[in-house]
>>> print(open('structure_11.txt').read())   # compact mmCIF, C-alpha atoms and all ligand atoms
# COMPACT_ATOMS: atom_id res chain seq x y z
CA MET A 19 17.65 2.69 -6.00
CA SER A 20 19.16 3.79 -9.25
CA PHE A 21 18.62 3.34 -12.95
CA ASP A 22 20.91 1.64 -15.44
CA PRO A 23 19.61 2.32 -18.97
CA ALA A 24 21.77 -0.47 -20.44
CA ALA A 25 20.39 -3.04 -17.99
CA PHE A 26 16.83 -1.87 -18.66
CA ARG A 27 17.43 -2.02 -22.40
CA ALA A 28 18.87 -5.55 -22.11
CA GLU A 29 15.42 -6.76 -21.02
CA PHE A 30 14.07 -6.08 -24.53
CA PRO A 31 14.93 -8.72 -27.14
CA ILE A 32 13.96 -6.43 -30.04
CA PHE A 33 17.24 -4.58 -29.53
CA ARG A 34 19.17 -7.78 -30.27
CA ALA A 35 17.08 -8.75 -33.28
CA PRO A 36 18.98 -8.89 -36.57
CA PHE A 37 17.97 -6.13 -38.98
CA ASP A 38 19.00 -5.39 -42.53
CA GLY A 39 20.63 -1.99 -42.67
CA PRO A 40 21.41 0.34 -39.79
CA ALA A 41 20.90 -0.63 -36.14
CA LEU A 42 17.50 0.16 -34.65
CA HIS A 43 16.97 3.46 -32.85
CA TYR A 44 13.43 3.13 -31.60
CA LEU A 45 11.87 6.53 -30.92
CA ASP A 46 8.24 5.54 -31.44
CA SER A 47 7.29 4.22 -27.99
CA GLY A 48 4.38 6.68 -27.87
CA ALA A 49 2.77 4.61 -30.62
CA SER A 50 3.71 1.22 -29.12
CA ALA A 51 6.39 0.50 -26.56
CA GLN A 52 8.62 -2.53 -26.96
CA VAL A 53 7.99 -5.55 -24.80
CA PRO A 54 10.46 -7.06 -22.29
CA GLN A 55 11.35 -10.75 -22.31
CA ARG A 56 9.60 -11.30 -18.97
CA VAL A 57 6.27 -10.24 -20.51
CA ILE A 58 6.80 -12.40 -23.60
CA ASP A 59 7.63 -15.30 -21.26
CA ALA A 60 4.64 -14.66 -18.98
CA VAL A 61 2.22 -14.75 -21.92
CA ALA A 62 3.84 -17.91 -23.31
CA ARG A 63 3.90 -19.53 -19.85
CA HIS A 64 0.25 -18.71 -19.31
CA ASP A 65 -0.72 -20.16 -22.68
CA SER A 66 1.37 -23.27 -22.13
CA THR A 67 0.40 -23.99 -18.52
CA ALA A 68 -2.87 -22.28 -17.64
CA ARG A 69 -4.82 -21.62 -20.83
CA ALA A 70 -8.55 -21.91 -20.25
CA ASN A 71 -11.52 -19.60 -20.13
CA VAL A 72 -11.96 -17.52 -17.01
CA LYS A 73 -14.77 -17.14 -14.48
CA ARG A 74 -16.94 -20.02 -15.64
CA GLY A 75 -14.64 -23.01 -15.30
CA VAL A 76 -14.88 -25.78 -12.74
CA HIS A 77 -11.64 -27.53 -13.58
CA ARG A 78 -8.09 -26.89 -12.46
CA LEU A 79 -6.96 -25.11 -15.59
CA ALA A 80 -9.94 -22.77 -15.52
CA GLU A 81 -9.22 -22.01 -11.89
CA ALA A 82 -5.56 -21.33 -12.68
CA ALA A 83 -6.53 -19.03 -15.57
CA THR A 84 -9.02 -17.15 -13.42
CA GLU A 85 -6.49 -16.75 -10.65
CA ALA A 86 -3.86 -15.43 -13.08
CA TYR A 87 -6.35 -13.02 -14.60
CA GLU A 88 -7.44 -11.68 -11.21
CA THR A 89 -3.82 -11.42 -10.08
CA ALA A 90 -3.25 -9.18 -13.12
CA ARG A 91 -6.18 -7.03 -12.02
CA HIS A 92 -4.51 -6.61 -8.62
CA ALA A 93 -1.25 -5.63 -10.34
CA VAL A 94 -3.09 -2.90 -12.27
CA ALA A 95 -4.81 -1.70 -9.10
CA HIS A 96 -1.42 -1.55 -7.36
CA TYR A 97 0.23 0.39 -10.23
CA ILE A 98 -2.48 3.06 -10.30
CA ASN A 99 -3.27 2.92 -6.56
CA ALA A 100 -6.92 2.10 -7.19
CA PRO A 101 -8.85 1.90 -3.92
CA SER A 102 -10.13 -1.53 -5.03
CA PRO A 103 -9.35 -4.00 -7.85
CA ARG A 104 -13.13 -4.10 -8.46
CA GLU A 105 -12.69 -0.68 -10.04
CA VAL A 106 -10.30 -2.05 -12.68
CA ILE A 107 -11.92 -3.17 -15.93
CA PHE A 108 -9.92 -4.84 -18.66
CA THR A 109 -10.73 -3.41 -22.07
CA SER A 110 -9.18 -3.68 -25.51
CA GLY A 111 -7.20 -0.47 -24.96
CA THR A 112 -7.60 3.24 -24.32
CA THR A 113 -10.03 3.55 -27.21
CA GLY A 114 -12.14 0.68 -25.88
CA ALA A 115 -12.13 2.21 -22.39
CA ILE A 116 -13.25 5.66 -23.54
CA ASN A 117 -15.96 4.20 -25.75
CA LEU A 118 -17.18 2.20 -22.76
CA VAL A 119 -17.61 5.40 -20.75
CA ALA A 120 -19.14 7.25 -23.70
CA ARG A 121 -21.80 4.54 -23.86
CA ALA A 122 -22.38 3.48 -20.30
CA PHE A 123 -21.97 6.91 -18.67
CA GLY A 124 -22.69 9.07 -21.73
CA ASP A 125 -26.01 7.52 -22.60
CA GLY A 126 -27.23 8.68 -19.20
CA LEU A 127 -26.77 12.32 -20.25
CA ALA A 128 -29.58 14.47 -21.57
CA GLU A 129 -29.90 16.78 -24.55
CA GLY A 130 -28.09 20.03 -23.79
CA ASP A 131 -25.70 18.48 -21.27
CA GLU A 132 -22.08 19.20 -22.08
CA VAL A 133 -19.01 17.03 -22.49
CA LEU A 134 -15.89 19.19 -22.44
CA VAL A 135 -12.83 17.91 -24.30
CA SER A 136 -9.73 19.79 -25.45
CA GLU A 137 -8.28 20.83 -28.75
CA LEU A 138 -5.29 18.54 -28.32
CA GLU A 139 -7.14 15.29 -27.77
CA HIS A 140 -6.44 12.09 -29.66
CA HIS A 141 -9.35 11.14 -31.93
CA SER A 142 -10.09 8.34 -29.44
CA ASN A 143 -11.10 11.04 -26.97
CA ILE A 144 -13.10 13.07 -29.49
CA VAL A 145 -15.01 10.73 -31.78
CA PRO A 146 -16.76 8.66 -29.05
CA TRP A 147 -18.17 11.97 -27.73
CA GLN A 148 -19.25 13.02 -31.21
CA LEU A 149 -21.08 9.70 -31.56
CA LEU A 150 -22.70 10.43 -28.21
CA GLN A 151 -23.62 13.88 -29.49
CA MET A 152 -25.38 12.20 -32.42
CA ARG A 153 -27.22 9.77 -30.11
CA ARG A 154 -28.13 12.08 -27.26
CA GLY A 155 -27.81 15.67 -28.48
CA VAL A 156 -25.17 16.52 -25.88
CA ARG A 157 -23.01 19.55 -26.57
CA LEU A 158 -19.31 19.12 -27.16
CA GLY A 159 -17.23 21.92 -25.64
CA VAL A 160 -13.57 22.42 -26.46
CA ILE A 161 -10.80 23.72 -24.17
CA PRO A 162 -8.35 25.60 -26.45
CA VAL A 163 -4.59 25.14 -26.43
CA THR A 164 -1.89 27.73 -25.84
CA PRO A 165 0.70 28.55 -28.53
CA ASP A 166 3.12 26.13 -26.84
CA GLY A 167 0.68 23.25 -27.00
CA ARG A 168 -0.73 23.11 -23.48
CA LEU A 169 -4.34 23.25 -22.40
CA ASP A 170 -5.33 26.85 -21.95
CA LEU A 171 -6.91 26.64 -18.51
CA ASP A 172 -7.43 30.37 -18.17
CA GLY A 173 -10.95 30.75 -16.78
CA ILE A 174 -11.54 26.98 -16.64
CA GLU A 175 -13.44 27.46 -13.35
CA GLU A 176 -16.04 29.56 -15.20
CA ARG A 177 -15.87 27.46 -18.38
CA ILE A 178 -17.10 24.34 -16.56
CA GLY A 179 -20.76 25.25 -16.25
CA PRO A 180 -23.83 23.79 -14.59
CA ARG A 181 -24.60 21.65 -17.65
CA THR A 182 -21.04 20.33 -17.98
CA ARG A 183 -21.32 16.68 -16.97
CA LEU A 184 -17.91 15.41 -17.99
CA VAL A 185 -14.48 16.85 -18.70
CA ALA A 186 -12.49 14.39 -20.82
CA VAL A 187 -8.81 15.27 -21.27
CA ALA A 188 -5.45 13.68 -21.92
CA HIS A 189 -3.03 13.41 -19.01
CA CYS A 190 -0.19 13.93 -21.49
CA SER A 191 -0.55 15.00 -25.12
CA ASN A 192 0.55 12.41 -27.67
CA VAL A 193 1.65 15.30 -29.90
CA THR A 194 3.14 18.06 -27.75
CA GLY A 195 4.20 16.01 -24.72
CA ALA A 196 2.59 18.60 -22.41
CA VAL A 197 1.34 17.24 -19.10
CA THR A 198 -2.09 18.48 -18.12
CA ASP A 199 -2.71 20.26 -14.83
CA LEU A 200 -5.27 17.69 -13.72
CA ALA A 201 -5.42 19.03 -10.17
CA ARG A 202 -6.84 22.31 -11.42
CA ILE A 203 -9.31 20.63 -13.76
CA ALA A 204 -10.42 18.15 -11.10
CA ALA A 205 -10.95 20.92 -8.53
CA ALA A 206 -12.97 23.00 -11.01
CA ALA A 207 -15.02 19.98 -12.07
CA ARG A 208 -15.68 18.95 -8.46
CA ALA A 209 -16.85 22.46 -7.62
CA SER A 210 -19.54 22.29 -10.31
CA GLY A 211 -20.43 18.60 -10.03
CA ALA A 212 -18.85 17.50 -13.33
CA ARG A 213 -16.98 14.20 -13.69
CA VAL A 214 -13.47 13.89 -15.06
CA LEU A 215 -12.20 11.26 -17.49
CA VAL A 216 -8.48 11.08 -18.12
CA ASP A 217 -6.96 9.62 -21.27
CA GLY A 218 -3.76 8.33 -19.72
CA ALA A 219 -2.41 6.52 -22.80
CA GLN A 220 0.78 8.61 -22.88
CA ARG A 221 1.24 9.10 -19.14
CA ALA A 222 0.75 5.56 -17.89
CA PRO A 223 4.04 4.21 -19.33
CA HIS A 224 6.07 6.76 -17.35
CA GLY A 225 5.72 5.29 -13.90
CA PRO A 226 3.09 4.42 -11.29
CA PHE A 227 0.49 7.03 -10.47
CA ASP A 228 -2.32 7.51 -8.01
CA VAL A 229 -5.86 7.76 -9.35
CA ALA A 230 -7.15 8.45 -5.86
CA ALA A 231 -4.82 11.42 -5.39
CA LEU A 232 -5.61 12.74 -8.88
CA ASP A 233 -9.20 12.99 -7.69
CA VAL A 234 -10.62 12.08 -11.11
CA ASP A 235 -13.46 9.67 -11.96
CA PHE A 236 -12.26 7.58 -14.91
CA TYR A 237 -8.76 6.78 -16.13
CA ALA A 238 -7.98 4.93 -19.40
CA PHE A 239 -4.75 3.47 -20.74
CA SER A 240 -3.37 0.83 -23.11
CA GLY A 241 -1.28 -2.28 -22.50
CA HIS A 242 0.82 -1.98 -25.64
CA LYS A 243 2.13 1.45 -24.64
CA THR A 244 3.00 0.30 -21.10
CA PHE A 245 5.41 -2.46 -22.20
CA GLY A 246 2.60 -5.02 -22.20
CA PRO A 247 0.86 -7.00 -24.92
CA ASN A 248 -1.45 -5.71 -27.62
CA GLY A 249 -5.21 -6.13 -27.34
CA VAL A 250 -5.57 -5.24 -23.66
CA GLY A 251 -6.11 -1.98 -21.85
CA VAL A 252 -7.62 -0.62 -18.68
CA LEU A 253 -10.51 1.48 -17.58
CA TRP A 254 -10.39 2.50 -13.96
CA GLY A 255 -13.57 4.10 -12.60
CA ARG A 256 -14.92 5.04 -9.19
CA ALA A 257 -16.89 2.09 -7.84
CA GLU A 258 -20.03 4.10 -7.16
CA LEU A 259 -20.09 5.40 -10.74
CA LEU A 260 -19.40 2.02 -12.31
CA GLU A 261 -22.07 0.46 -10.13
CA ALA A 262 -24.63 3.04 -11.26
CA MET A 263 -23.81 2.68 -14.97
CA PRO A 264 -25.61 0.17 -17.20
CA PRO A 265 -23.50 -2.38 -19.08
CA PHE A 266 -22.04 -1.38 -22.44
CA LEU A 267 -21.71 -4.75 -24.18
CA GLY A 268 -23.91 -7.75 -23.41
CA GLY A 269 -23.07 -11.42 -23.25
CA GLY A 270 -20.91 -13.88 -21.37
CA GLU A 271 -20.24 -13.46 -17.69
CA MET A 272 -21.50 -9.88 -17.39
CA ILE A 273 -24.85 -11.19 -16.18
CA SER A 274 -26.26 -12.32 -12.89
CA HIS A 275 -29.31 -13.95 -14.47
CA VAL A 276 -30.70 -14.08 -18.00
CA GLY A 277 -34.35 -14.68 -18.77
CA PHE A 278 -36.70 -13.59 -21.51
CA ALA A 279 -38.64 -11.58 -18.98
CA GLY A 280 -35.47 -9.61 -18.30
CA SER A 281 -31.86 -10.03 -17.27
CA SER A 282 -29.80 -8.72 -14.39
CA TRP A 283 -26.14 -7.81 -14.29
CA ALA A 284 -23.11 -9.14 -12.50
CA PRO A 285 -21.36 -6.87 -9.99
CA ILE A 286 -18.42 -4.78 -11.21
CA PRO A 287 -15.98 -5.37 -12.80
CA ALA A 288 -17.59 -8.38 -14.53
CA LYS A 289 -20.57 -6.23 -15.59
CA PHE A 290 -18.26 -4.44 -18.04
CA GLU A 291 -16.31 -7.46 -19.26
CA ALA A 292 -18.70 -9.13 -21.69
CA GLY A 293 -17.41 -12.17 -23.56
CA THR A 294 -14.05 -13.83 -23.16
CA PRO A 295 -11.54 -11.16 -22.14
CA PRO A 296 -7.93 -10.90 -23.38
CA ILE A 297 -6.70 -13.29 -20.67
CA ALA A 298 -3.07 -13.98 -21.52
CA GLN A 299 -2.69 -10.34 -22.54
CA ALA A 300 -3.98 -9.17 -19.16
CA VAL A 301 -1.56 -11.56 -17.45
CA GLY A 302 1.28 -10.07 -19.50
CA LEU A 303 0.18 -6.55 -18.65
CA GLY A 304 0.14 -7.42 -14.95
CA VAL A 305 3.74 -8.64 -15.19
CA ALA A 306 4.76 -5.49 -17.09
CA LEU A 307 3.19 -3.19 -14.50
CA ASP A 308 4.65 -5.10 -11.54
CA TRP A 309 8.07 -4.73 -13.16
CA LEU A 310 7.54 -1.02 -13.87
CA ALA A 311 6.41 -0.49 -10.30
CA GLU A 312 9.79 -1.75 -9.05
CA GLN A 313 11.81 0.82 -11.03
CA ASP A 314 13.38 3.99 -9.74
CA TRP A 315 11.16 6.50 -11.53
CA GLY A 316 12.92 9.56 -10.18
CA ALA A 317 16.09 8.39 -11.92
CA ILE A 318 14.25 7.22 -15.05
CA LEU A 319 12.44 10.51 -15.52
CA ALA A 320 15.70 12.40 -15.03
CA HIS A 321 17.22 10.19 -17.76
CA GLU A 322 14.26 10.71 -20.13
CA MET A 323 14.24 14.45 -19.49
CA ARG A 324 17.96 14.75 -20.14
CA LEU A 325 17.47 13.04 -23.51
CA THR A 326 14.40 15.19 -24.20
CA GLY A 327 16.47 18.30 -23.47
CA ARG A 328 19.11 17.14 -25.93
CA ILE A 329 16.45 16.61 -28.60
CA LEU A 330 14.91 20.04 -27.95
CA ASP A 331 18.34 21.72 -28.14
CA GLY A 332 19.18 19.82 -31.32
CA LEU A 333 15.90 20.76 -32.97
CA ALA A 334 16.36 24.43 -32.02
CA ALA A 335 19.64 24.39 -33.98
CA LEU A 336 18.06 22.93 -37.15
CA PRO A 337 17.17 25.49 -39.82
CA GLY A 338 13.43 25.82 -40.46
CA CYS A 339 12.41 23.54 -37.60
CA ARG A 340 9.16 24.41 -35.84
CA LEU A 341 8.53 22.77 -32.49
CA LEU A 342 4.96 21.93 -31.56
CA GLY A 343 4.84 21.92 -27.80
CA PRO A 344 6.70 23.25 -24.79
CA SER A 345 10.32 24.19 -25.47
CA GLY A 346 11.24 23.70 -21.80
CA LEU A 347 11.29 20.59 -19.65
CA GLN A 348 8.69 21.63 -17.07
CA GLN A 349 5.41 19.72 -17.01
CA ARG A 350 6.17 17.67 -20.06
CA LEU A 351 7.21 14.14 -21.01
CA GLY A 352 9.54 12.84 -23.69
CA VAL A 353 7.14 13.20 -26.61
CA VAL A 354 8.49 15.77 -29.08
CA SER A 355 6.76 16.89 -32.28
CA PHE A 356 8.14 19.19 -34.91
CA ALA A 357 7.73 20.26 -38.51
CA LEU A 358 10.61 20.84 -40.90
CA GLU A 359 9.87 23.63 -43.31
CA GLY A 360 9.26 22.42 -46.85
CA LEU A 361 9.45 18.73 -45.94
CA HIS A 362 6.63 16.23 -45.64
CA PRO A 363 6.74 14.37 -42.29
CA HIS A 364 6.50 11.01 -44.05
CA ASP A 365 9.53 11.79 -46.23
CA VAL A 366 11.53 12.79 -43.16
CA CYS A 367 10.56 9.61 -41.29
CA GLN A 368 11.36 7.36 -44.24
CA PHE A 369 14.71 9.07 -44.77
CA VAL A 370 15.91 8.79 -41.17
CA ASP A 371 14.69 5.20 -40.96
CA ALA A 372 16.48 4.16 -44.14
CA THR A 373 19.70 6.05 -43.45
CA HIS A 374 20.03 5.98 -39.65
CA GLY A 375 17.65 3.25 -38.46
CA VAL A 376 15.58 5.78 -36.51
CA ALA A 377 11.92 4.80 -36.01
CA LEU A 378 9.74 7.91 -35.74
CA ARG A 379 6.09 8.65 -36.28
CA GLY A 380 5.00 11.10 -38.98
CA GLY A 381 1.53 12.43 -39.73
CA HIS A 382 -1.40 13.90 -37.84
CA HIS A 383 -1.00 11.51 -34.88
CA CYS A 384 -4.79 11.04 -34.71
CA ALA A 385 -5.03 14.67 -33.58
CA GLN A 386 -6.32 16.44 -36.67
CA PRO A 387 -8.02 19.29 -34.76
CA LEU A 388 -4.68 20.11 -33.14
CA MET A 389 -2.93 20.05 -36.53
CA GLU A 390 -5.58 22.40 -37.86
CA ARG A 391 -5.07 24.71 -34.87
CA PHE A 392 -1.40 25.01 -35.81
CA GLY A 393 -2.01 25.12 -39.58
CA LEU A 394 -0.09 21.91 -40.28
CA ILE A 395 -0.94 18.69 -42.10
CA GLY A 396 1.24 16.75 -39.72
CA THR A 397 4.46 16.62 -37.75
CA VAL A 398 7.36 14.31 -37.11
CA ARG A 399 7.28 12.87 -33.60
CA ALA A 400 9.99 11.30 -31.47
CA SER A 401 8.79 9.60 -28.28
CA LEU A 402 11.05 8.23 -25.59
CA ALA A 403 11.08 5.27 -23.24
CA PRO A 404 13.62 4.36 -20.54
CA TYR A 405 15.48 2.06 -22.96
CA ASN A 406 16.51 5.01 -25.13
CA ASP A 407 20.00 6.41 -24.75
CA ASP A 408 22.32 9.04 -26.18
CA SER A 409 23.03 6.97 -29.29
CA ASP A 410 19.33 7.21 -30.22
CA VAL A 411 19.40 10.99 -29.87
CA ASP A 412 22.65 11.21 -31.86
CA ALA A 413 21.15 9.11 -34.68
CA LEU A 414 17.99 11.24 -34.67
CA LEU A 415 19.80 14.56 -34.86
CA ASP A 416 22.33 13.35 -37.43
CA GLY A 417 19.51 11.89 -39.51
CA LEU A 418 17.44 15.06 -39.39
CA GLY A 419 20.41 17.20 -40.34
CA GLU A 420 21.08 14.97 -43.34
CA ALA A 421 17.40 14.85 -44.24
CA ILE A 422 17.32 18.63 -44.47
CA GLY A 423 20.42 18.71 -46.66
CA HIS A 424 19.24 15.88 -48.86
CA LEU A 425 15.50 16.44 -49.15
CA ARG A 426 15.54 20.24 -49.22
CA GLY A 427 18.60 20.39 -51.42
N1 LIG A 501 -5.09 8.49 -26.56
C1 LIG A 501 -3.81 8.85 -26.72
C2 LIG A 501 -3.32 10.11 -26.06
C3 LIG A 501 -2.97 8.06 -27.48
O1 LIG A 501 -1.69 8.42 -27.65
C4 LIG A 501 -3.46 6.87 -28.08
C5 LIG A 501 -2.59 6.00 -28.94
N2 LIG A 501 -1.91 6.68 -29.94
C6 LIG A 501 -4.80 6.54 -27.86
C7 LIG A 501 -5.58 7.36 -27.09
C8 LIG A 501 -5.40 5.30 -28.43
O2 LIG A 501 -4.83 4.17 -27.85
P1 LIG A 501 -5.23 2.71 -28.36
O3 LIG A 501 -5.04 2.72 -29.86
O4 LIG A 501 -4.27 1.81 -27.67
O5 LIG A 501 -6.64 2.48 -27.99
>>> encode(input="structure_11.txt", output="structure tokens")
Amino acid sequence: MSFDPAAFRAEFPIFRAPFDGPALHYLDSGASAQVPQRVIDAVARHDSTARANVKRGVHRLAEAATEAYETARHAVAHYINAPSPREVIFTSGTTGAINLVARAFGDGLAEGDEVLVSELEHHSNIVPWQLLQMRRGVRLGVIPVTPDGRLDLDGIEERIGPRTRLVAVAHCSNVTGAVTDLARIAAAARASGARVLVDGAQRAPHGPFDVAALDVDFYAFSGHKTFGPNGVGVLWGRAELLEAMPPFLGGGEMISHVGFAGSSWAPIPAKFEAGTPPIAQAVGLGVALDWLAEQDWGAILAHEMRLTGRILDGLAALPGCRLLGPSGLQQRLGVVSFALEGLHPHDVCQFVDATHGVALRGGHHCAQPLMERFGLIGTVRASLAPYNDDSDVDALLDGLGEAIGHLRG
């Protein structure tokens, strides 16, 4: 197998869309990836040939919709190597998945139990635990970060104590790009009986992975960041945990029987899919993941890392540029954040967009505690996908150089 960035890029119609001004250099895939034609087509095909509600239908269309939806569940299970598709729950996204666990698993915790997060988490992996803290009086522990934006796992084996029930961490930081040493966390958690939830929003788009081998308990990610549609995401959980957890939302096909004397719940995964799910979106996500699973990820990651290296080198040469995150290529992905001395991230992003067509993200990236840790109000972030190429990096570095001259001048 091999990887041809131009052929991969050709799958994405956005890169042929007419724009006013400079050509598009999309370096914001960490916020939302672009969507390939095959996913757009799959969603349209589903809606034009098999649109019906799932699970409850007794007509052909309803059967076709249910089959397509369950096929998508199998595609997810295949991409993440879930032991069973029953362990795959469709949610609205990473945020929806983490909130599900915070309710259904978290409400089973007692006052004084601990949920351990890290200082670099996205708000979606902080706030649901703070809400749980308000409901249940659990303690919220925080793993600090190192100066180069990684989890500081020094002494993690002792830090995970007898009251630590859950360790909830990002697989890859959406700010620093650092990849978490999940093996170490999982081993430490196992040793003390704590569960592990992984926010995989930034890792999932970078190739298939193996939840069984990671030896974690819950894994969350979003469709729109994995080249799929908006409005759909995934929670994977160990069957025995999901089976033991009460439902989070009620209604629709999550029941086995409903009566005023009491109701009983459907088996997993239906128990956690109240109401009509995002059906066409799940179908699109299944197509996206099947396509991703076919790619040569060794070659793609080498391509992304080469571009990341060029960005890191280019940033190091810019006057007054402070990198937030690892300066090397080990244990990181192509998510690069930096601050330019004296310049507001929003001004930088607007300048490079207007002058060079470069789409970046600027701000706190929903990681305000991390910004506080580094004494910043925000950063500029470039995030890569396989469709990026050298011209995107050239436009970024040219644009930043000009931004410094123009905005600082
Ligand atoms: N966690 C991380 C690490 C993220 O990058 C994001 C998206 N920026 C989220 C959670 C939230 O994802 P969503 O908005 O799709 O729920």
>>> atom_distance(input="structure_11.txt", atom1="atom O5 of ligand LIG 501 (chain A)", atom2="CA of Val187 in chain A")
14.6 Å
>>> residues_near_ligand(input="structure_11.txt", ligand="ligand LIG 501 (chain A)", cutoff="6 Å", atoms="all atoms listed in the file", output="list in words")
Ala49, Gly111, Thr112, Thr113, His140, Ser142, Ala188, Ser191, Asn192, Asp217, Ala219, Gln220 and Ser240 of chain A
>>> write_last_selection(input="structure_11.txt", atoms="C-alpha atoms", output="CSV table (one decimal), keeping the file's coordinate frame")
chain,number,residue,atom,x,y,z
A,49,ALA,CA,2.8,4.6,-30.6
A,111,GLY,CA,-7.2,-0.5,-25.0
A,112,THR,CA,-7.6,3.2,-24.3
A,113,THR,CA,-10.0,3.6,-27.2
A,140,HIS,CA,-6.4,12.1,-29.7
A,142,SER,CA,-10.1,8.3,-29.4
A,188,ALA,CA,-5.4,13.7,-21.9
A,191,SER,CA,-0.6,15.0,-25.1
A,192,ASN,CA,0.6,12.4,-27.7
A,217,ASP,CA,-7.0,9.6,-21.3
A,219,ALA,CA,-2.4,6.5,-22.8
A,220,GLN,CA,0.8,8.6,-22.9
A,240,SER,CA,-3.4,0.8,-23.1
>>> closest_residue(input="structure_11.txt", among="A:Gly173, A:Pro264, A:Gly130, A:Gly246", to="Met152 in chain A", atoms="all atoms listed in the file")
A:Gly130
>>> atom_distance(input="structure_11.txt", atom1="CA of Arg91 in chain A", atom2="CA of Gly255 in chain A")
13.4 Å
>>> closest_residue(input="structure_11.txt", among="A:Ala292, A:Val61, A:Val53, A:Ile116", to="Phe236 in chain A", atoms="all atoms listed in the file")
A:Ile116
>>> atom_distance(input="structure_11.txt", atom1="CA of Val305 in chain A", atom2="CA of Glu258 in chain A")
28.1 Å
>>> residues_around(input="structure_11.txt", residues="His189 in chain A", least_positions_apart="5", cutoff="9 Å", atoms="all atoms listed in the file", output="JSON, numbers by chain")
{"A": [196, 197, 198, 199, 200, 216, 217, 218, 219, 220, 221, 222]}
>>> residues_around(input="structure_11.txt", residues="Leu394 in chain A", least_positions_apart="6", cutoff="9 Å", atoms="all atoms listed in the file", output="list in words")
Ala357, His382 and Leu388 of chain A
>>> residues_around(input="structure_11.txt", residues="range 78-81 of chain A", least_positions_apart="2", cutoff="12 Å", atoms="only C-alpha atoms", output="PyMOL selection string")
chain A and resi 64-76+83-88+297
